[in-house]
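final.txt follows (compact mmCIF, C-alpha atoms):
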```txt
# COMPACT_ATOMS: atom_id res chain seq x y z
CA MET A 17 -18.57 34.64 42.68
CA PRO A 18 -19.15 33.13 39.22
CA VAL A 19 -20.17 29.49 38.81
CA PHE A 20 -18.50 27.44 36.05
CA THR A 21 -19.44 24.01 34.69
CA ASP A 22 -16.41 21.79 34.24
CA GLN A 23 -16.03 18.98 31.69
CA MET A 24 -17.48 16.46 34.12
CA GLN A 25 -20.60 18.65 34.30
CA ARG A 26 -19.85 19.68 37.88
CA LYS A 27 -20.80 23.16 39.04
CA VAL A 28 -17.78 24.92 40.53
CA THR A 29 -17.82 28.33 42.22
CA ILE A 30 -14.54 30.12 41.52
CA ALA A 31 -13.19 33.54 42.49
CA ASP A 32 -13.30 36.23 39.79
CA PHE A 33 -9.52 36.05 39.30
CA PRO A 34 -7.84 33.06 40.99
CA GLN A 35 -4.56 34.04 42.60
CA ARG A 36 -3.37 30.71 44.05
CA ILE A 37 -3.70 27.87 41.56
CA VAL A 38 -2.70 24.24 42.09
CA SER A 39 -2.45 22.12 38.93
CA LEU A 40 -2.68 18.33 39.23
CA VAL A 41 -2.02 17.54 35.54
CA PRO A 42 1.30 18.04 33.68
CA SER A 43 -0.15 19.04 30.30
CA GLN A 44 -2.52 21.52 31.92
CA THR A 45 0.30 22.93 34.05
CA GLU A 46 2.24 23.76 30.89
CA LEU A 47 -0.89 25.37 29.45
CA LEU A 48 -1.33 27.58 32.53
CA PHE A 49 2.24 28.80 32.19
CA ASP A 50 1.66 29.52 28.50
CA LEU A 51 -1.40 31.54 29.51
CA GLY A 52 0.93 33.78 31.50
CA LEU A 53 -0.13 32.56 34.94
CA GLN A 54 3.33 31.86 36.35
CA ASP A 55 2.70 34.18 39.30
CA GLN A 56 -0.66 32.56 40.12
CA ILE A 57 0.55 28.94 39.97
CA VAL A 58 1.64 27.89 43.46
CA GLY A 59 1.55 24.07 43.36
CA ILE A 60 2.17 21.36 40.76
CA THR A 61 2.81 17.60 40.66
CA LYS A 62 6.24 16.00 40.50
CA PHE A 63 5.42 15.00 36.91
CA CYS A 64 4.90 18.61 35.80
CA VAL A 65 8.16 19.24 33.94
CA HIS A 66 7.42 21.93 31.32
CA PRO A 67 8.58 24.64 31.33
CA LYS A 68 11.49 23.25 33.31
CA ALA A 69 12.87 26.44 34.82
CA LEU A 70 9.48 27.69 36.03
CA CYS A 71 8.34 24.29 37.31
CA ALA A 72 11.46 24.14 39.46
CA THR A 73 10.25 27.20 41.37
CA LYS A 74 6.87 25.73 42.39
CA THR A 75 5.87 23.52 45.33
CA HIS A 76 5.44 19.84 44.47
CA ILE A 77 2.26 18.43 45.98
CA GLY A 78 2.95 14.75 45.16
CA GLY A 79 1.99 12.72 42.11
CA THR A 80 -1.09 12.80 39.94
CA LYS A 81 -2.53 9.86 41.88
CA ASN A 82 -0.97 10.51 45.28
CA PHE A 83 -1.57 13.99 46.69
CA HIS A 84 0.12 15.37 49.79
CA PHE A 85 -2.91 17.09 51.27
CA ASP A 86 -0.85 18.88 53.92
CA ARG A 87 1.23 20.58 51.24
CA ILE A 88 -1.90 21.60 49.33
CA ASP A 89 -3.47 22.96 52.53
CA ALA A 90 -0.34 25.02 53.21
CA LEU A 91 -0.65 26.63 49.78
CA LYS A 92 -4.23 27.82 50.48
CA PRO A 93 -5.35 27.44 46.85
CA ASP A 94 -8.35 29.32 45.50
CA LEU A 95 -8.45 27.04 42.42
CA ILE A 96 -7.35 23.44 41.81
CA ILE A 97 -7.31 22.07 38.26
CA GLY A 98 -7.43 18.31 37.64
CA ASN A 99 -8.44 15.67 35.12
CA LYS A 100 -10.80 12.70 35.46
CA GLU A 101 -8.42 10.13 33.96
CA GLU A 102 -5.09 11.34 35.31
CA ASN A 103 -6.17 11.97 38.90
CA TYR A 104 -7.94 9.71 41.40
CA GLN A 105 -11.53 10.21 42.48
CA GLU A 106 -10.99 9.76 46.22
CA GLY A 107 -8.32 12.45 46.26
CA ILE A 108 -10.38 14.83 44.13
CA ASP A 109 -13.42 14.30 46.35
CA THR A 110 -11.34 15.12 49.43
CA LEU A 111 -10.00 18.33 47.88
CA ALA A 112 -13.43 19.39 46.57
CA LYS A 113 -14.77 19.51 50.14
CA LYS A 114 -12.41 22.40 50.88
CA TYR A 115 -11.47 24.06 47.59
CA PRO A 116 -12.88 24.88 44.13
CA VAL A 117 -11.77 21.95 41.94
CA TRP A 118 -12.29 22.27 38.18
CA MET A 119 -11.97 18.98 36.26
CA SER A 120 -11.26 18.30 32.61
CA ASP A 121 -12.43 15.12 30.84
CA ILE A 122 -10.73 14.78 27.47
CA PHE A 123 -11.07 12.23 24.69
CA THR A 124 -10.87 14.31 21.51
CA LEU A 125 -9.07 17.32 20.08
CA ASP A 126 -12.29 19.31 20.41
CA ASP A 127 -12.42 18.40 24.12
CA ALA A 128 -8.88 19.72 24.53
CA LEU A 129 -9.67 22.99 22.77
CA GLN A 130 -12.80 23.41 24.89
CA MET A 131 -10.71 22.90 28.04
CA MET A 132 -8.32 25.65 26.91
CA GLN A 133 -11.19 28.01 26.19
CA GLN A 134 -12.80 27.38 29.56
CA LEU A 135 -9.57 27.76 31.54
CA GLY A 136 -8.96 31.01 29.66
CA GLU A 137 -12.35 32.25 30.83
CA ILE A 138 -11.83 31.11 34.42
CA THR A 139 -8.38 32.73 34.71
CA GLN A 140 -9.27 35.83 32.64
CA THR A 141 -6.68 34.96 30.01
CA SER A 142 -9.12 34.38 27.14
CA PRO A 143 -7.13 36.40 24.54
CA ARG A 144 -4.04 34.24 25.07
CA ALA A 145 -6.14 31.08 25.14
CA GLN A 146 -7.76 31.99 21.82
CA VAL A 147 -4.35 32.55 20.23
CA LEU A 148 -3.22 29.08 21.38
CA ILE A 149 -6.45 27.48 20.19
CA GLN A 150 -6.14 29.07 16.77
CA GLN A 151 -2.49 28.03 16.45
CA ILE A 152 -3.41 24.43 17.22
CA LYS A 153 -6.36 24.46 14.81
CA ASP A 154 -4.17 25.90 12.05
CA GLN A 155 -1.49 23.27 12.61
CA PHE A 156 -3.95 20.38 12.47
CA ASP A 157 -5.84 21.86 9.48
CA ALA A 158 -2.57 22.07 7.54
CA PHE A 159 -1.62 18.50 8.41
CA VAL A 160 -1.96 16.52 5.17
CA LEU A 161 -1.69 12.74 5.42
CA PRO A 162 0.15 10.59 2.87
CA ASP A 163 -2.05 7.97 1.21
CA GLN A 164 -0.02 5.15 2.76
CA ALA A 165 -1.02 6.23 6.27
CA PHE A 166 -4.62 5.13 5.85
CA SER A 167 -3.74 1.46 5.46
CA ALA A 168 -1.22 1.19 8.31
CA LYS A 169 -2.15 -0.90 11.37
CA VAL A 170 -0.56 0.40 14.58
CA ALA A 171 -0.04 -0.81 18.15
CA TYR A 172 0.87 1.86 20.71
CA PHE A 173 2.54 0.62 23.92
CA ILE A 174 2.43 2.59 27.17
CA TRP A 175 3.76 -0.03 29.63
CA ARG A 176 5.96 -3.09 30.00
CA LYS A 177 5.60 -5.91 32.57
CA PRO A 178 2.73 -6.19 32.02
CA TYR A 179 2.45 -5.04 28.44
CA MET A 180 -0.22 -2.37 28.13
CA VAL A 181 -1.41 -0.59 25.01
CA ALA A 182 -3.67 2.28 24.07
CA GLY A 183 -7.10 0.94 23.23
CA SER A 184 -10.09 3.16 22.53
CA GLN A 185 -11.73 5.86 24.67
CA ASN A 186 -8.54 7.81 25.28
CA PHE A 187 -6.67 10.77 23.81
CA ILE A 188 -3.83 8.66 22.37
CA ASP A 189 -6.30 6.79 20.16
CA GLU A 190 -7.60 10.16 18.97
CA MET A 191 -4.08 11.23 17.96
CA LEU A 192 -3.49 7.92 16.15
CA LYS A 193 -6.64 8.65 14.13
CA HIS A 194 -5.28 12.09 13.24
CA CYS A 195 -2.21 10.28 11.85
CA GLY A 196 -4.53 8.19 9.68
CA TRP A 197 -3.50 5.00 11.45
CA GLN A 198 -5.69 2.05 12.43
CA ASN A 199 -5.25 1.20 16.10
CA VAL A 200 -5.22 -2.61 16.18
CA PHE A 201 -6.47 -2.58 19.78
CA ALA A 202 -9.26 -0.06 19.24
CA HIS A 203 -11.75 -2.89 19.86
CA GLN A 204 -10.67 -2.81 23.53
CA PRO A 205 -11.37 0.08 25.91
CA ARG A 206 -8.85 2.41 27.46
CA TYR A 207 -5.51 0.70 28.29
CA PRO A 208 -5.77 -3.10 28.12
CA GLU A 209 -3.08 -5.53 29.19
CA ILE A 210 -2.01 -7.77 26.32
CA SER A 211 0.47 -10.54 25.59
CA LEU A 212 3.03 -10.70 22.80
CA GLU A 213 0.92 -13.52 21.35
CA GLN A 214 -2.05 -11.17 21.13
CA LEU A 215 0.17 -8.57 19.49
CA GLU A 216 1.41 -11.09 16.92
CA ALA A 217 -2.16 -12.08 16.09
CA GLN A 218 -2.99 -8.47 15.13
CA LEU A 219 -0.17 -8.34 12.53
CA PRO A 220 0.64 -4.66 13.10
CA ASP A 221 2.56 -2.74 10.44
CA ILE A 222 3.93 -0.32 13.02
CA ILE A 223 4.65 -0.69 16.74
CA LEU A 224 5.09 2.53 18.70
CA LEU A 225 6.88 2.45 22.08
CA SER A 226 6.06 5.54 24.11
CA SER A 227 8.48 7.53 26.25
CA GLU A 228 5.84 7.75 28.98
CA PRO A 229 4.44 6.61 31.32
CA TYR A 230 6.88 3.72 30.84
CA PRO A 231 10.21 5.03 29.51
CA PHE A 232 10.80 2.65 26.61
CA LYS A 233 14.39 2.77 25.35
CA GLN A 234 16.40 1.51 22.39
CA LYS A 235 17.12 -1.74 24.25
CA HIS A 236 13.41 -2.66 24.17
CA LEU A 237 13.06 -2.53 20.39
CA GLU A 238 14.46 -6.01 19.83
CA GLU A 239 11.85 -7.88 21.90
CA PHE A 240 9.05 -6.39 19.81
CA GLN A 241 10.95 -6.83 16.55
CA GLN A 242 11.38 -10.53 17.32
CA ALA A 243 7.68 -10.91 18.06
CA CYS A 244 6.60 -9.03 14.90
CA PRO A 245 9.42 -9.12 12.34
CA GLN A 246 7.12 -7.62 9.69
CA ALA A 247 6.55 -4.45 11.73
CA LYS A 248 8.48 -1.22 11.99
CA VAL A 249 9.22 -0.59 15.67
CA LEU A 250 9.76 3.01 16.74
CA LEU A 251 10.36 4.93 19.95
CA VAL A 252 8.00 7.91 20.11
CA ASP A 253 7.55 11.02 22.23
CA GLY A 254 4.62 10.17 24.48
CA GLU A 255 4.03 13.81 25.39
CA LEU A 256 3.11 14.60 21.79
CA PHE A 257 0.55 11.77 21.72
CA SER A 258 -0.98 12.20 25.17
CA TRP A 259 -0.54 15.80 26.35
CA TYR A 260 -3.69 17.76 25.52
CA GLY A 261 -2.57 21.27 26.48
CA SER A 262 -0.58 23.87 24.60
CA ARG A 263 2.01 21.23 23.58
CA LEU A 264 -0.52 20.25 20.90
CA ARG A 265 0.98 23.05 18.81
CA LEU A 266 3.98 20.78 18.26
CA ALA A 267 2.10 17.57 17.53
CA PRO A 268 1.27 17.86 13.80
CA ALA A 269 4.90 18.59 12.84
CA TYR A 270 6.04 15.62 14.91
CA PHE A 271 3.39 13.35 13.39
CA ARG A 272 4.48 14.45 9.91
CA GLN A 273 8.06 13.48 10.76
CA LEU A 274 6.93 10.05 11.99
CA LEU A 275 4.78 9.42 8.93
CA ASN A 276 7.70 10.27 6.67
CA GLU A 277 9.86 7.83 8.64
CA VAL A 278 7.46 4.88 8.37
CA THR A 279 6.38 5.43 4.76
CA VAL A 280 9.88 5.67 3.25
```

Mind turning this structure into structure tokens?
Amino acid sequence: MPVFTDQMQRKVTIADFPQRIVSLVPSQTELLFDLGLQDQIVGITKFCVHPKALCATKTHIGGTKNFHFDRIDALKPDLIIGNKEENYQEGIDTLAKKYPVWMSDIFTLDDALQMMQQLGEITQTSPRAQVLIQQIKDQFDAFVLPDQAFSAKVAYFIWRKPYMVAGSQNFIDEMLKHCGWQNVFAHQPRYPEISLEQLEAQLPDIILLSSEPYPFKQKHLEEFQQACPQAKVLLVDGELFSWYGSRLRLAPAYFRQLLNEVTV
């Protein structure tokens, strides 16, 4: 059987054509469906929601950080696909003792495209993967930023109670850079907890409230507007900032819409 090196530089021996795939990451689940692997996908997490109709037909094996090992065992997978950030090491280590577990580790757009290429090779769907990769490249290459974007300071919130934002060393920060925005918390790693006082001190021009993992709603806009009256506060689609699979095809058009909204 062929040996593949995953994005964590682990050597993984995988069957020539995996027939029973468990996906532990929502964005990668959607990618696998878009690669035409709906018959091979047998297990997904409860957070895997796209495409809705197909996800409803698959076995849920728990959350991204809470696996039901008995359900996974019952599925008898010949390939499990996870991600370093979204899954938990203890659970991955347990699964890797019994099954081939291929892990992604994604910080940049190039990392995401490499993941797609490699999963295409592993699942023998390279032609479809290359089409998706080229579509995403074309969309990002055609994405022209307005001049005003380069001076905008942005805070991107992912959680409330406690407040948590996107710092550096994550895919959201990468997407903010593609929008030409300056992440005011880029001096902190990953997803720091902050206070409203710390937010005020950064004087952001734009505050983005994500739809996931915390589902910010219209009712939350006022608390941030009071803290930073100079800022534009917007609800944003978190999937289009943090999902690094085939949904990236939709991201540039969405970013263009947001930029038009904040630069009017």

Point-to-point distance in Å for atom CA of A:Asp109 and atom CA of A:Leu135 |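 Taking atom CA of A:Leu135 and atom CA of A:Asp109, their separation equals 20.4 Å.
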
Separation of atom CA of A:Phe49 from atom CA of A:Asn103 in Å | 20.0 Å

Surrounding residues of A:Leu225 excluding itself and chain neighbours under 2 positions, 9 Å, all atoms listed in the file, as a list in words | Ala171, Tyr172, Phe173, Ile174, Trp175, Ile223, Ser227, Glu228, Tyr230, Pro231, Phe232, Lys233, His236, Leu237, Val249, Leu250, Leu251, Val252, Asp253 and Gly254 of chain A

Generate a file of the selected residues that holds C-alpha atoms, formatted as a PDB file, in the frame of the given file.
```
ATOM      1  CA  ALA A 171      -0.040  -0.810  18.150  1.00  0.00           C
ATOM      2  CA  TYR A 172       0.870   1.860  20.710  1.00  0.00           C
ATOM      3  CA  PHE A 173       2.540   0.620  23.920  1.00  0.00           C
ATOM      4  CA  ILE A 174       2.430   2.590  27.170  1.00  0.00           C
ATOM      5  CA  TRP A 175       3.760  -0.030  29.630  1.00  0.00           C
ATOM      6  CA  ILE A 223       4.650  -0.690  16.740  1.00  0.00           C
ATOM      7  CA  SER A 227       8.480   7.530  26.250  1.00  0.00           C
ATOM      8  CA  GLU A 228       5.840   7.750  28.980  1.00  0.00           C
ATOM      9  CA  TYR A 230       6.880   3.720  30.840  1.00  0.00           C
ATOM     10  CA  PRO A 231      10.210   5.030  29.510  1.00  0.00           C
ATOM     11  CA  PHE A 232      10.800   2.650  26.610  1.00  0.00           C
ATOM     12  CA  LYS A 233      14.390   2.770  25.350  1.00  0.00           C
ATOM     13  CA  HIS A 236      13.410  -2.660  24.170  1.00  0.00           C
ATOM     14  CA  LEU A 237      13.060  -2.530  20.390  1.00  0.00           C
ATOM     15  CA  VAL A 249       9.220  -0.590  15.670  1.00  0.00           C
ATOM     16  CA  LEU A 250       9.760   3.010  16.740  1.00  0.00           C
ATOM     17  CA  LEU A 251      10.360   4.930  19.950  1.00  0.00           C
ATOM     18  CA  VAL A 252       8.000   7.910  20.110  1.00  0.00           C
ATOM     19  CA  ASP A 253       7.550  11.020  22.230  1.00  0.00           C
ATOM     20  CA  GLY A 254       4.620  10.170  24.480  1.00  0.00           C
TER      21      GLY A 254
END
```

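Put simply, atom CA of A:His66 is 7.7 Å away from atom CA of A:Thr45.
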
Would you please work out which residue, of A:Asn199, A:Gln35, A:Ser226, A:Gln134, is nearest to A:Lys169 when using all atoms listed in the file?
->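 Answer, going by the shortest atom-to-atom distance: A:Asn199.
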
In terms of the shortest atom-to-atom distance over only C-alpha atoms, which of A:Ile222, A:Ile77, A:Ala267, A:Val19 is closest to A:Phe156?
->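 Closest to A:Phe156, using only C-alpha atoms: A:Ala267.
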
Test item: residues at most 9 Å from A:Lys153, all atoms listed in the file, excluding those fewer than 5 positions along its chain, as a PyMOL selection string = chain A and resi 129+148+158+265

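For the residues A:Ile97, A:Ile122, A:Leu70, A:Val170, ranking by smallest atom-to-atom distance to A:Gly183 using all atoms listed in the file places A:Val170 first.
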
Given only C-alpha atoms as the counted atoms, nearest of A:Lys92, A:His194, A:Lys62, A:Arg36 to A:Tyr270 =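 For A:Tyr270, the nearest of the given residues is A:His194.
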
Which residue, A:Ile138, A:Pro67, A:Ala247, A:Leu264, has the smallest gap to A:Asp32 when you use only C-alpha atoms?
->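 Selected residue with least distance to A:Asp32: A:Ile138.
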
Centre and size of axis-aligned box enclosing stretch 219-236 of chain A plus 8 Å each side, as JSON:
```
{"center_x": 8.5, "center_y": -0.3, "center_z": 20.9, "size_x": 33.3, "size_y": 32.1, "size_z": 36.9}
```

May I have the residues within 12 Å of A:Phe20 as number ranges by chain, using only C-alpha atoms and disregarding those fewer than 5 positions away in the same chain?
-> A: 25-32, 95, 116-119, 134-135, 137-139

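If you count all atoms listed in the file and ignore residues fewer than 2 places along the chain from A:Gln246, what sits within 8 Å of it is A:Leu219, A:Pro220, A:Asp221, A:Gln241, A:Cys244, A:Lys248.
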
Taking into account all atoms listed in the file, which residue in the set A:Val38, A:Ile88, A:Leu192, A:Leu212 is nearest to A:Cys64?
->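 Checking each of A:Val38, A:Ile88, A:Leu192, A:Leu212 against A:Cys64, counting all atoms listed in the file, the winner is A:Val38.
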
Selection near A:Glu209, 7 Å with all atoms listed in the file, sequence-local residues under 6 positions removed, as a PyMOL selection string | chain A and resi 178-181

Using C-alpha atoms, can you export the residues from the last selection as a compact mmCIF listing (two decimals), keeping the file's coordinate frame?
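Writing the result to part_12.txt gives the following:
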```
# COMPACT_ATOMS: atom_id res chain seq x y z
CA PRO A 178 2.73 -6.19 32.02
CA TYR A 179 2.45 -5.04 28.44
CA MET A 180 -0.22 -2.37 28.13
CA VAL A 181 -1.41 -0.59 25.01
```
